[in-house]
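Novice: What follows is input.cif, made up of mmCIF, N, CA and C atoms:
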```cif
data_work
#
loop_
_atom_site.group_PDB
_atom_site.id
_atom_site.type_symbol
_atom_site.label_atom_id
_atom_site.label_comp_id
_atom_site.auth_asym_id
_atom_site.auth_seq_id
_atom_site.Cartn_x
_atom_site.Cartn_y
_atom_site.Cartn_z
ATOM 1 N N PRO A 28 0.827 -1.197 0.000
ATOM 2 C CA PRO A 28 0.000 0.000 0.000
ATOM 3 C C PRO A 28 0.865 1.252 0.000
ATOM 4 N N VAL A 29 0.384 2.260 -0.673
ATOM 5 C CA VAL A 29 1.132 3.497 -0.863
ATOM 6 C C VAL A 29 0.241 4.690 -0.525
ATOM 7 N N ALA A 30 0.822 5.686 0.136
ATOM 8 C CA ALA A 30 0.139 6.953 0.406
ATOM 9 C C ALA A 30 1.115 8.064 0.058
ATOM 10 N N ASP A 31 0.669 9.011 -0.733
ATOM 11 C CA ASP A 31 1.542 10.111 -1.169
ATOM 12 C C ASP A 31 2.840 9.576 -1.777
ATOM 13 N N ASP A 32 2.716 8.544 -2.600
ATOM 14 C CA ASP A 32 3.848 7.924 -3.308
ATOM 15 C C ASP A 32 4.877 7.265 -2.397
ATOM 16 N N ALA A 33 4.538 7.036 -1.146
ATOM 17 C CA ALA A 33 5.453 6.363 -0.225
ATOM 18 C C ALA A 33 4.794 5.099 0.326
ATOM 19 N N PRO A 34 5.540 4.003 0.403
ATOM 20 C CA PRO A 34 4.965 2.780 0.978
ATOM 21 C C PRO A 34 4.582 3.007 2.442
ATOM 22 N N VAL A 35 3.435 2.467 2.837
ATOM 23 C CA VAL A 35 2.991 2.603 4.229
ATOM 24 C C VAL A 35 2.910 1.259 4.948
ATOM 25 N N GLY A 36 3.016 0.178 4.200
ATOM 26 C CA GLY A 36 2.882 -1.108 4.852
ATOM 27 C C GLY A 36 3.346 -2.251 3.990
ATOM 28 N N TYR A 37 3.190 -3.436 4.567
ATOM 29 C CA TYR A 37 3.667 -4.655 3.949
ATOM 30 C C TYR A 37 2.756 -5.784 4.390
ATOM 31 N N VAL A 38 2.411 -6.659 3.473
ATOM 32 C CA VAL A 38 1.646 -7.850 3.831
ATOM 33 C C VAL A 38 2.211 -9.036 3.064
ATOM 34 N N MET A 39 2.274 -10.166 3.747
ATOM 35 C CA MET A 39 2.736 -11.398 3.115
ATOM 36 C C MET A 39 1.714 -12.480 3.460
ATOM 37 N N TYR A 40 1.300 -13.227 2.451
ATOM 38 C CA TYR A 40 0.337 -14.298 2.679
ATOM 39 C C TYR A 40 0.679 -15.457 1.759
ATOM 40 N N GLY A 41 0.130 -16.633 2.082
ATOM 41 C CA GLY A 41 0.408 -17.780 1.236
ATOM 42 C C GLY A 41 -0.314 -19.022 1.700
ATOM 43 N N PHE A 42 -0.078 -20.080 0.955
ATOM 44 C CA PHE A 42 -0.702 -21.379 1.176
ATOM 45 C C PHE A 42 0.324 -22.329 1.773
ATOM 46 N N ASP A 43 -0.046 -23.019 2.853
ATOM 47 C CA ASP A 43 0.821 -24.017 3.472
ATOM 48 C C ASP A 43 0.427 -25.382 2.907
ATOM 49 N N PRO A 44 1.253 -25.955 2.030
ATOM 50 C CA PRO A 44 0.871 -27.228 1.411
ATOM 51 C C PRO A 44 0.818 -28.401 2.391
ATOM 52 N N ASP A 45 1.520 -28.290 3.516
ATOM 53 C CA ASP A 45 1.499 -29.373 4.503
ATOM 54 C C ASP A 45 0.153 -29.464 5.213
ATOM 55 N N THR A 46 -0.379 -28.306 5.611
ATOM 56 C CA THR A 46 -1.653 -28.292 6.338
ATOM 57 C C THR A 46 -2.834 -27.954 5.430
ATOM 58 N N ARG A 47 -2.529 -27.483 4.210
ATOM 59 C CA ARG A 47 -3.532 -27.063 3.232
ATOM 60 C C ARG A 47 -4.327 -25.849 3.722
ATOM 61 N N ASP A 48 -3.673 -25.012 4.518
ATOM 62 C CA ASP A 48 -4.283 -23.798 5.066
ATOM 63 C C ASP A 48 -3.709 -22.567 4.377
ATOM 64 N N TRP A 49 -4.542 -21.552 4.236
ATOM 65 C CA TRP A 49 -4.106 -20.235 3.775
ATOM 66 C C TRP A 49 -3.787 -19.390 4.992
ATOM 67 N N TRP A 50 -2.681 -18.646 4.933
ATOM 68 C CA TRP A 50 -2.218 -17.827 6.057
ATOM 69 C C TRP A 50 -1.888 -16.413 5.606
ATOM 70 N N ILE A 51 -2.248 -15.456 6.432
ATOM 71 C CA ILE A 51 -1.658 -14.128 6.340
ATOM 72 C C ILE A 51 -0.483 -14.208 7.300
ATOM 73 N N VAL A 52 0.695 -14.227 6.738
ATOM 74 C CA VAL A 52 1.905 -14.505 7.501
ATOM 75 C C VAL A 52 2.390 -13.267 8.248
ATOM 76 N N ARG A 53 2.256 -12.107 7.620
ATOM 77 C CA ARG A 53 2.754 -10.890 8.257
ATOM 78 C C ARG A 53 1.999 -9.693 7.714
ATOM 79 N N LEU A 54 1.609 -8.807 8.597
ATOM 80 C CA LEU A 54 1.017 -7.514 8.246
ATOM 81 C C LEU A 54 1.764 -6.468 9.054
ATOM 82 N N MET A 55 2.322 -5.503 8.346
ATOM 83 C CA MET A 55 3.053 -4.431 9.027
ATOM 84 C C MET A 55 2.633 -3.100 8.418
ATOM 85 N N VAL A 56 2.398 -2.122 9.277
ATOM 86 C CA VAL A 56 2.100 -0.760 8.848
ATOM 87 C C VAL A 56 3.118 0.142 9.536
ATOM 88 N N ALA A 57 3.713 1.048 8.773
ATOM 89 C CA ALA A 57 4.710 1.963 9.328
ATOM 90 C C ALA A 57 4.149 2.661 10.566
ATOM 91 N N HIS A 58 4.995 2.793 11.561
ATOM 92 C CA HIS A 58 4.557 3.354 12.841
ATOM 93 C C HIS A 58 3.849 4.708 12.675
ATOM 94 N N ASP A 59 4.393 5.574 11.840
ATOM 95 C CA ASP A 59 3.791 6.902 11.680
ATOM 96 C C ASP A 59 2.529 6.883 10.819
ATOM 97 N N GLN A 60 2.180 5.718 10.271
ATOM 98 C CA GLN A 60 0.967 5.595 9.454
ATOM 99 C C GLN A 60 -0.135 4.796 10.158
ATOM 100 N N GLN A 61 0.155 4.325 11.353
ATOM 101 C CA GLN A 61 -0.832 3.531 12.088
ATOM 102 C C GLN A 61 -1.971 4.412 12.571
ATOM 103 N N GLY A 62 -3.144 3.810 12.677
ATOM 104 C CA GLY A 62 -4.324 4.532 13.135
ATOM 105 C C GLY A 62 -5.013 5.323 12.039
ATOM 106 N N LYS A 63 -4.613 5.106 10.787
ATOM 107 C CA LYS A 63 -5.194 5.834 9.656
ATOM 108 C C LYS A 63 -6.059 4.942 8.767
ATOM 109 N N GLY A 64 -6.268 3.706 9.186
ATOM 110 C CA GLY A 64 -7.108 2.795 8.428
ATOM 111 C C GLY A 64 -6.387 1.947 7.400
ATOM 112 N N TYR A 65 -5.072 2.083 7.297
ATOM 113 C CA TYR A 65 -4.334 1.303 6.310
ATOM 114 C C TYR A 65 -4.348 -0.194 6.627
ATOM 115 N N GLY A 66 -4.214 -0.545 7.886
ATOM 116 C CA GLY A 66 -4.230 -1.962 8.254
ATOM 117 C C GLY A 66 -5.540 -2.618 7.865
ATOM 118 N N ARG A 67 -6.641 -1.965 8.141
ATOM 119 C CA ARG A 67 -7.963 -2.493 7.769
ATOM 120 C C ARG A 67 -8.077 -2.605 6.255
ATOM 121 N N ALA A 68 -7.661 -1.586 5.533
ATOM 122 C CA ALA A 68 -7.752 -1.608 4.071
ATOM 123 C C ALA A 68 -6.906 -2.744 3.493
ATOM 124 N N ILE A 69 -5.717 -2.929 4.041
ATOM 125 C CA ILE A 69 -4.855 -4.018 3.587
ATOM 126 C C ILE A 69 -5.538 -5.358 3.845
ATOM 127 N N MET A 70 -6.037 -5.541 5.056
ATOM 128 C CA MET A 70 -6.685 -6.803 5.406
ATOM 129 C C MET A 70 -7.907 -7.061 4.525
ATOM 130 N N GLU A 71 -8.714 -6.051 4.292
ATOM 131 C CA GLU A 71 -9.898 -6.233 3.447
ATOM 132 C C GLU A 71 -9.500 -6.632 2.029
ATOM 133 N N ALA A 72 -8.431 -6.037 1.503
ATOM 134 C CA ALA A 72 -7.961 -6.381 0.156
ATOM 135 C C ALA A 72 -7.442 -7.819 0.107
ATOM 136 N N VAL A 73 -6.692 -8.227 1.121
ATOM 137 C CA VAL A 73 -6.153 -9.589 1.147
ATOM 138 C C VAL A 73 -7.280 -10.604 1.325
ATOM 139 N N ILE A 74 -8.233 -10.313 2.178
ATOM 140 C CA ILE A 74 -9.381 -11.215 2.354
ATOM 141 C C ILE A 74 -10.124 -11.371 1.033
ATOM 142 N N ALA A 75 -10.349 -10.277 0.328
ATOM 143 C CA ALA A 75 -11.030 -10.348 -0.968
ATOM 144 C C ALA A 75 -10.220 -11.179 -1.955
ATOM 145 N N ARG A 76 -8.918 -10.982 -1.988
ATOM 146 C CA ARG A 76 -8.064 -11.729 -2.918
ATOM 147 C C ARG A 76 -8.069 -13.213 -2.595
ATOM 148 N N LEU A 77 -7.927 -13.547 -1.303
ATOM 149 C CA LEU A 77 -7.910 -14.960 -0.932
ATOM 150 C C LEU A 77 -9.277 -15.603 -1.101
ATOM 151 N N SER A 78 -10.336 -14.842 -0.901
ATOM 152 C CA SER A 78 -11.687 -15.367 -1.105
ATOM 153 C C SER A 78 -11.893 -15.831 -2.540
ATOM 154 N N ALA A 79 -11.165 -15.245 -3.469
ATOM 155 C CA ALA A 79 -11.286 -15.597 -4.883
ATOM 156 C C ALA A 79 -10.458 -16.832 -5.250
ATOM 157 N N GLN A 80 -9.635 -17.319 -4.315
ATOM 158 C CA GLN A 80 -8.808 -18.495 -4.591
ATOM 159 C C GLN A 80 -9.652 -19.762 -4.480
ATOM 160 N N PRO A 81 -9.640 -20.608 -5.503
ATOM 161 C CA PRO A 81 -10.378 -21.871 -5.406
ATOM 162 C C PRO A 81 -9.902 -22.691 -4.209
ATOM 163 N N GLY A 82 -10.845 -23.212 -3.455
ATOM 164 C CA GLY A 82 -10.516 -24.056 -2.315
ATOM 165 C C GLY A 82 -10.141 -23.320 -1.043
ATOM 166 N N CYS A 83 -10.102 -21.997 -1.081
ATOM 167 C CA CYS A 83 -9.788 -21.238 0.135
ATOM 168 C C CYS A 83 -11.071 -21.024 0.912
ATOM 169 N N ASP A 84 -11.270 -21.843 1.957
ATOM 170 C CA ASP A 84 -12.482 -21.732 2.744
ATOM 171 C C ASP A 84 -12.246 -21.080 4.109
ATOM 172 N N ALA A 85 -10.974 -20.779 4.408
ATOM 173 C CA ALA A 85 -10.636 -20.117 5.670
ATOM 174 C C ALA A 85 -9.263 -19.476 5.535
ATOM 175 N N ILE A 86 -9.049 -18.450 6.344
ATOM 176 C CA ILE A 86 -7.758 -17.757 6.394
ATOM 177 C C ILE A 86 -7.302 -17.737 7.848
ATOM 178 N N HIS A 87 -6.032 -18.024 8.064
ATOM 179 C CA HIS A 87 -5.449 -18.011 9.404
ATOM 180 C C HIS A 87 -4.494 -16.828 9.541
ATOM 181 N N ILE A 88 -4.369 -16.362 10.761
ATOM 182 C CA ILE A 88 -3.406 -15.305 11.081
ATOM 183 C C ILE A 88 -2.982 -15.505 12.527
ATOM 184 N N SER A 89 -1.771 -15.110 12.865
ATOM 185 C CA SER A 89 -1.325 -15.222 14.257
ATOM 186 C C SER A 89 -0.647 -13.919 14.664
ATOM 187 N N PHE A 90 -0.626 -13.693 15.965
ATOM 188 C CA PHE A 90 -0.029 -12.470 16.511
ATOM 189 C C PHE A 90 0.289 -12.684 17.980
ATOM 190 N N VAL A 91 1.170 -11.848 18.518
ATOM 191 C CA VAL A 91 1.502 -11.972 19.937
ATOM 192 C C VAL A 91 0.281 -11.576 20.770
ATOM 193 N N PRO A 92 0.020 -12.297 21.836
ATOM 194 C CA PRO A 92 -1.181 -12.054 22.634
ATOM 195 C C PRO A 92 -1.299 -10.630 23.175
ATOM 196 N N GLU A 93 -0.168 -9.951 23.376
ATOM 197 C CA GLU A 93 -0.197 -8.598 23.934
ATOM 198 C C GLU A 93 -0.613 -7.532 22.920
ATOM 199 N N ASN A 94 -0.718 -7.879 21.655
ATOM 200 C CA ASN A 94 -1.035 -6.910 20.611
ATOM 201 C C ASN A 94 -2.547 -6.680 20.553
ATOM 202 N N ALA A 95 -3.022 -5.796 21.413
ATOM 203 C CA ALA A 95 -4.461 -5.519 21.507
ATOM 204 C C ALA A 95 -5.012 -4.908 20.228
ATOM 205 N N ALA A 96 -4.223 -4.091 19.539
ATOM 206 C CA ALA A 96 -4.702 -3.471 18.292
ATOM 207 C C ALA A 96 -4.934 -4.534 17.224
ATOM 208 N N ALA A 97 -4.021 -5.492 17.102
ATOM 209 C CA ALA A 97 -4.192 -6.577 16.128
ATOM 210 C C ALA A 97 -5.416 -7.410 16.483
ATOM 211 N N ARG A 98 -5.558 -7.746 17.754
ATOM 212 C CA ARG A 98 -6.711 -8.542 18.198
ATOM 213 C C ARG A 98 -8.017 -7.825 17.845
ATOM 214 N N ALA A 99 -8.088 -6.535 18.107
ATOM 215 C CA ALA A 99 -9.304 -5.774 17.821
ATOM 216 C C ALA A 99 -9.580 -5.712 16.320
ATOM 217 N N LEU A 100 -8.537 -5.460 15.519
ATOM 218 C CA LEU A 100 -8.711 -5.388 14.074
ATOM 219 C C LEU A 100 -9.189 -6.717 13.512
ATOM 220 N N TYR A 101 -8.478 -7.789 13.833
ATOM 221 C CA TYR A 101 -8.820 -9.087 13.262
ATOM 222 C C TYR A 101 -10.201 -9.547 13.730
ATOM 223 N N SER A 102 -10.524 -9.324 14.985
ATOM 224 C CA SER A 102 -11.848 -9.688 15.487
ATOM 225 C C SER A 102 -12.945 -8.910 14.767
ATOM 226 N N SER A 103 -12.702 -7.625 14.520
ATOM 227 C CA SER A 103 -13.722 -6.812 13.844
ATOM 228 C C SER A 103 -13.936 -7.249 12.394
ATOM 229 N N LEU A 104 -12.956 -7.959 11.831
ATOM 230 C CA LEU A 104 -13.081 -8.465 10.460
ATOM 231 C C LEU A 104 -13.663 -9.875 10.420
ATOM 232 N N GLY A 105 -13.974 -10.434 11.589
ATOM 233 C CA GLY A 105 -14.605 -11.750 11.644
ATOM 234 C C GLY A 105 -13.692 -12.902 12.009
ATOM 235 N N PHE A 106 -12.415 -12.639 12.264
ATOM 236 C CA PHE A 106 -11.511 -13.692 12.705
ATOM 237 C C PHE A 106 -11.869 -14.082 14.135
ATOM 238 N N VAL A 107 -11.756 -15.369 14.442
ATOM 239 C CA VAL A 107 -12.031 -15.850 15.800
ATOM 240 C C VAL A 107 -10.839 -16.651 16.312
ATOM 241 N N ASP A 108 -10.674 -16.625 17.600
ATOM 242 C CA ASP A 108 -9.597 -17.335 18.275
ATOM 243 C C ASP A 108 -9.800 -18.837 18.117
ATOM 244 N N THR A 109 -8.781 -19.530 17.648
ATOM 245 C CA THR A 109 -8.868 -20.987 17.483
ATOM 246 C C THR A 109 -8.525 -21.723 18.771
ATOM 247 N N GLY A 110 -7.950 -21.001 19.738
ATOM 248 C CA GLY A 110 -7.487 -21.641 20.953
ATOM 249 C C GLY A 110 -6.075 -22.206 20.819
ATOM 250 N N ARG A 111 -5.515 -22.113 19.633
ATOM 251 C CA ARG A 111 -4.158 -22.603 19.396
ATOM 252 C C ARG A 111 -3.140 -21.493 19.632
ATOM 253 N N VAL A 112 -1.962 -21.899 20.082
ATOM 254 C CA VAL A 112 -0.819 -20.992 20.217
ATOM 255 C C VAL A 112 0.343 -21.652 19.492
ATOM 256 N N GLU A 113 0.941 -20.919 18.556
ATOM 257 C CA GLU A 113 2.074 -21.433 17.802
ATOM 258 C C GLU A 113 3.219 -20.438 17.909
ATOM 259 N N ASP A 114 4.354 -20.920 18.356
ATOM 260 C CA ASP A 114 5.541 -20.077 18.513
ATOM 261 C C ASP A 114 5.243 -18.829 19.341
ATOM 262 N N GLY A 115 4.432 -18.981 20.376
ATOM 263 C CA GLY A 115 4.110 -17.877 21.273
ATOM 264 C C GLY A 115 3.052 -16.926 20.746
ATOM 265 N N GLU A 116 2.467 -17.228 19.591
ATOM 266 C CA GLU A 116 1.439 -16.358 19.009
ATOM 267 C C GLU A 116 0.088 -17.076 19.006
ATOM 268 N N VAL A 117 -0.975 -16.316 19.280
ATOM 269 C CA VAL A 117 -2.323 -16.868 19.213
ATOM 270 C C VAL A 117 -2.732 -16.956 17.750
ATOM 271 N N VAL A 118 -3.486 -17.995 17.414
ATOM 272 C CA VAL A 118 -3.917 -18.223 16.041
ATOM 273 C C VAL A 118 -5.406 -17.917 15.926
ATOM 274 N N TYR A 119 -5.738 -17.048 14.978
ATOM 275 C CA TYR A 119 -7.122 -16.700 14.684
ATOM 276 C C TYR A 119 -7.464 -17.230 13.300
ATOM 277 N N ARG A 120 -8.757 -17.441 13.053
ATOM 278 C CA ARG A 120 -9.219 -18.011 11.787
ATOM 279 C C ARG A 120 -10.466 -17.283 11.326
ATOM 280 N N LEU A 121 -10.512 -17.002 10.043
ATOM 281 C CA LEU A 121 -11.693 -16.411 9.409
ATOM 282 C C LEU A 121 -12.258 -17.449 8.452
ATOM 283 N N VAL A 122 -13.489 -17.892 8.699
ATOM 284 C CA VAL A 122 -14.144 -18.846 7.812
ATOM 285 C C VAL A 122 -14.816 -18.049 6.694
ATOM 286 N N LEU A 123 -14.527 -18.455 5.474
ATOM 287 C CA LEU A 123 -15.122 -17.819 4.300
ATOM 288 C C LEU A 123 -16.329 -18.652 3.901
ATOM 289 N N THR A 124 -17.483 -18.304 4.430
ATOM 290 C CA THR A 124 -18.676 -19.136 4.299
ATOM 291 C C THR A 124 -19.064 -19.399 2.845
ATOM 292 N N GLY A 125 -18.848 -18.431 1.965
ATOM 293 C CA GLY A 125 -19.195 -18.633 0.570
ATOM 294 C C GLY A 125 -18.284 -19.620 -0.134
ATOM 295 N N ASN A 126 -17.155 -19.951 0.487
ATOM 296 C CA ASN A 126 -16.175 -20.849 -0.133
ATOM 297 C C ASN A 126 -16.121 -22.222 0.536
ATOM 298 N N ALA A 127 -16.957 -22.439 1.531
ATOM 299 C CA ALA A 127 -16.885 -23.699 2.276
ATOM 300 C C ALA A 127 -17.112 -24.883 1.344
ATOM 301 N N GLN A 128 -16.283 -25.892 1.516
ATOM 302 C CA GLN A 128 -16.385 -27.107 0.715
ATOM 303 C C GLN A 128 -17.469 -28.011 1.301
ATOM 304 N N PRO A 129 -18.241 -28.690 0.448
ATOM 305 C CA PRO A 129 -19.304 -29.588 0.963
ATOM 306 C C PRO A 129 -18.726 -30.763 1.712
#
```
Starting from the file, lay out its structure as structure tokens.
Specialist:
Amino acid sequence: PVADDAPVGYVMYGFDPDTRDWWIVRLMVAHDQQGKGYGRAIMEAVIARLSAQPGCDAIHISFVPENAAARALYSSLGFVDTGRVEDGEVVYRLVLTGNAQP
């Protein structure tokens, strides 16, 4: 994402062939650009892109438990806590109901 011709953030996502899960691996917004809606816009764009992937019926994301801003953002987008912790990070999941496999 770019604002005034300068990058404001970074997102990395992909498919884990071992677990067959889609993951948003990393979302970062420049410190001086936080609180301006860029994180939400990035997440909405990635969710839309992954929703268009055949067989993508859910998206996973993880973050450190102390990151209240991430928890609030992801929860407001429909991600729910899976109860799993991996490498010290809580794992959240967004079910894409329109893509659910029978």
Novice: Selection in question (the file shown): the PyMOL selection byres (((chain A and resi 30 and name CA) around 12) and name CA). Which residues does it include, as a list in words?
Specialist: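 So the PyMOL selection byres (((chain A and resi 30 and name CA) around 12) and name CA) ends up selecting Pro28, Val29, Asp31, Asp32, Ala33, Pro34, Val35, Gly36, Val56, Ala57, Asp59, Gln60, Lys63, Gly64 and Tyr65 of chain A.
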Novice: Run the PyMOL selection byres (((chain A and resi 110-118 and name CA) around 9) and name CA) mentally over the shown coordinates, then write out the matched residues as JSON, numbers by chain, using the chain letters and numbers from the document.
Specialist: {"A": [87, 88, 89, 90, 91, 92, 107, 108, 109, 119, 120]}
Novice: Rounded to one decimal place, report the atom CA of A:Leu100-atom N of A:Met55 distance in Å.
Specialist: 12.4 Å
Novice: For A:Ala85, work out the shell of residues within 8 Å, counting only N, CA and C atoms and skipping chain neighbours fewer than 3 positions away, then give it as a list in words.
Specialist: Asp48, Trp49, Trp50, Leu77, Ser78, Gly82, Ile88, Arg120, Leu121, Val122, Leu123, Thr124, Asn126, Ala127 and Gln128 of chain A
Novice: Determine which residues of chain A DSSP labels as helix (DSSP H, G or I) from the backbone of this structure, then write them out as a ChimeraX atom specification.
Specialist: /A:58-60,65-78,95-103,124-126
Novice: What does the file look like for those residues with N, CA and C atoms, as a short mmCIF file (atom, residue, chain, number, x, y, z; two decimals), in the coordinates of the input?
Specialist:
```cif
data_model
loop_
_atom_site.label_atom_id
_atom_site.label_comp_id
_atom_site.auth_asym_id
_atom_site.auth_seq_id
_atom_site.Cartn_x
_atom_site.Cartn_y
_atom_site.Cartn_z
N HIS A 58 5.00 2.79 11.56
CA HIS A 58 4.56 3.35 12.84
C HIS A 58 3.85 4.71 12.68
N ASP A 59 4.39 5.57 11.84
CA ASP A 59 3.79 6.90 11.68
C ASP A 59 2.53 6.88 10.82
N GLN A 60 2.18 5.72 10.27
CA GLN A 60 0.97 5.60 9.45
C GLN A 60 -0.14 4.80 10.16
N TYR A 65 -5.07 2.08 7.30
CA TYR A 65 -4.33 1.30 6.31
C TYR A 65 -4.35 -0.19 6.63
N GLY A 66 -4.21 -0.55 7.89
CA GLY A 66 -4.23 -1.96 8.25
C GLY A 66 -5.54 -2.62 7.86
N ARG A 67 -6.64 -1.96 8.14
CA ARG A 67 -7.96 -2.49 7.77
C ARG A 67 -8.08 -2.60 6.26
N ALA A 68 -7.66 -1.59 5.53
CA ALA A 68 -7.75 -1.61 4.07
C ALA A 68 -6.91 -2.74 3.49
N ILE A 69 -5.72 -2.93 4.04
CA ILE A 69 -4.86 -4.02 3.59
C ILE A 69 -5.54 -5.36 3.84
N MET A 70 -6.04 -5.54 5.06
CA MET A 70 -6.68 -6.80 5.41
C MET A 70 -7.91 -7.06 4.53
N GLU A 71 -8.71 -6.05 4.29
CA GLU A 71 -9.90 -6.23 3.45
C GLU A 71 -9.50 -6.63 2.03
N ALA A 72 -8.43 -6.04 1.50
CA ALA A 72 -7.96 -6.38 0.16
C ALA A 72 -7.44 -7.82 0.11
N VAL A 73 -6.69 -8.23 1.12
CA VAL A 73 -6.15 -9.59 1.15
C VAL A 73 -7.28 -10.60 1.32
N ILE A 74 -8.23 -10.31 2.18
CA ILE A 74 -9.38 -11.22 2.35
C ILE A 74 -10.12 -11.37 1.03
N ALA A 75 -10.35 -10.28 0.33
CA ALA A 75 -11.03 -10.35 -0.97
C ALA A 75 -10.22 -11.18 -1.96
N ARG A 76 -8.92 -10.98 -1.99
CA ARG A 76 -8.06 -11.73 -2.92
C ARG A 76 -8.07 -13.21 -2.60
N LEU A 77 -7.93 -13.55 -1.30
CA LEU A 77 -7.91 -14.96 -0.93
C LEU A 77 -9.28 -15.60 -1.10
N SER A 78 -10.34 -14.84 -0.90
CA SER A 78 -11.69 -15.37 -1.10
C SER A 78 -11.89 -15.83 -2.54
N ALA A 95 -3.02 -5.80 21.41
CA ALA A 95 -4.46 -5.52 21.51
C ALA A 95 -5.01 -4.91 20.23
N ALA A 96 -4.22 -4.09 19.54
CA ALA A 96 -4.70 -3.47 18.29
C ALA A 96 -4.93 -4.53 17.22
N ALA A 97 -4.02 -5.49 17.10
CA ALA A 97 -4.19 -6.58 16.13
C ALA A 97 -5.42 -7.41 16.48
N ARG A 98 -5.56 -7.75 17.75
CA ARG A 98 -6.71 -8.54 18.20
C ARG A 98 -8.02 -7.82 17.84
N ALA A 99 -8.09 -6.54 18.11
CA ALA A 99 -9.30 -5.77 17.82
C ALA A 99 -9.58 -5.71 16.32
N LEU A 100 -8.54 -5.46 15.52
CA LEU A 100 -8.71 -5.39 14.07
C LEU A 100 -9.19 -6.72 13.51
N TYR A 101 -8.48 -7.79 13.83
CA TYR A 101 -8.82 -9.09 13.26
C TYR A 101 -10.20 -9.55 13.73
N SER A 102 -10.52 -9.32 14.98
CA SER A 102 -11.85 -9.69 15.49
C SER A 102 -12.94 -8.91 14.77
N SER A 103 -12.70 -7.62 14.52
CA SER A 103 -13.72 -6.81 13.84
C SER A 103 -13.94 -7.25 12.39
N THR A 124 -17.48 -18.30 4.43
CA THR A 124 -18.68 -19.14 4.30
C THR A 124 -19.06 -19.40 2.84
N GLY A 125 -18.85 -18.43 1.96
CA GLY A 125 -19.20 -18.63 0.57
C GLY A 125 -18.28 -19.62 -0.13
N ASN A 126 -17.16 -19.95 0.49
CA ASN A 126 -16.18 -20.85 -0.13
C ASN A 126 -16.12 -22.22 0.54
#
```
Novice: Enclose the full set of atoms of stretch 77-91 of chain A listed in the file within a box whose edges lie along x, y and z, apply 3 Å of padding to each of the six sides, and report centre and edge lengths in Å to one decimal as lines of an AutoDock Vina configuration file.
Specialist:
```
center_x = -5.5
center_y = -17.8
center_z = 7.6
size_x = 20.0
size_y = 18.5
size_z = 32.3
```
Novice: May I ask for the distance between atom CA of A:Phe42 and atom CA of A:Gly62, given in Å to one decimal place?
Specialist: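 Result for atom CA of A:Phe42 versus atom CA of A:Gly62: 28.8 Å, one decimal.
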Novice: For A:Cys83, which of A:Tyr40, A:Arg47, A:Arg98, A:Val52 is the closest residue, counting all atoms listed in the file?
Specialist: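 When distances to A:Cys83 are compared using all atoms listed in the file, the smallest one comes from A:Arg47.
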Novice: Would you compute the distance between atom CA of A:Val38 and atom CA of A:Arg53? Give it in Å to one decimal.
Specialist: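 That distance, rounded to one decimal, is 5.5 Å.
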Novice: Can you pull out every residue from stretch 43-98 of chain A that DSSP, working from the backbone, puts in strand (DSSP E), and format the result as a PyMOL selection string?
Specialist: chain A and resi 43+48-56+85-90
Novice: Restricting the output to N, CA and C atoms, write the selected residues as a compact mmCIF listing (two decimals), keeping the file's coordinate frame.
Specialist:
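Saved the output as out16.txt:
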```
# COMPACT_ATOMS: atom_id res chain seq x y z
N ASP A 43 -0.05 -23.02 2.85
CA ASP A 43 0.82 -24.02 3.47
C ASP A 43 0.43 -25.38 2.91
N ASP A 48 -3.67 -25.01 4.52
CA ASP A 48 -4.28 -23.80 5.07
C ASP A 48 -3.71 -22.57 4.38
N TRP A 49 -4.54 -21.55 4.24
CA TRP A 49 -4.11 -20.24 3.78
C TRP A 49 -3.79 -19.39 4.99
N TRP A 50 -2.68 -18.65 4.93
CA TRP A 50 -2.22 -17.83 6.06
C TRP A 50 -1.89 -16.41 5.61
N ILE A 51 -2.25 -15.46 6.43
CA ILE A 51 -1.66 -14.13 6.34
C ILE A 51 -0.48 -14.21 7.30
N VAL A 52 0.70 -14.23 6.74
CA VAL A 52 1.90 -14.50 7.50
C VAL A 52 2.39 -13.27 8.25
N ARG A 53 2.26 -12.11 7.62
CA ARG A 53 2.75 -10.89 8.26
C ARG A 53 2.00 -9.69 7.71
N LEU A 54 1.61 -8.81 8.60
CA LEU A 54 1.02 -7.51 8.25
C LEU A 54 1.76 -6.47 9.05
N MET A 55 2.32 -5.50 8.35
CA MET A 55 3.05 -4.43 9.03
C MET A 55 2.63 -3.10 8.42
N VAL A 56 2.40 -2.12 9.28
CA VAL A 56 2.10 -0.76 8.85
C VAL A 56 3.12 0.14 9.54
N ALA A 85 -10.97 -20.78 4.41
CA ALA A 85 -10.64 -20.12 5.67
C ALA A 85 -9.26 -19.48 5.54
N ILE A 86 -9.05 -18.45 6.34
CA ILE A 86 -7.76 -17.76 6.39
C ILE A 86 -7.30 -17.74 7.85
N HIS A 87 -6.03 -18.02 8.06
CA HIS A 87 -5.45 -18.01 9.40
C HIS A 87 -4.49 -16.83 9.54
N ILE A 88 -4.37 -16.36 10.76
CA ILE A 88 -3.41 -15.30 11.08
C ILE A 88 -2.98 -15.50 12.53
N SER A 89 -1.77 -15.11 12.86
CA SER A 89 -1.32 -15.22 14.26
C SER A 89 -0.65 -13.92 14.66
N PHE A 90 -0.63 -13.69 15.96
CA PHE A 90 -0.03 -12.47 16.51
C PHE A 90 0.29 -12.68 17.98
```
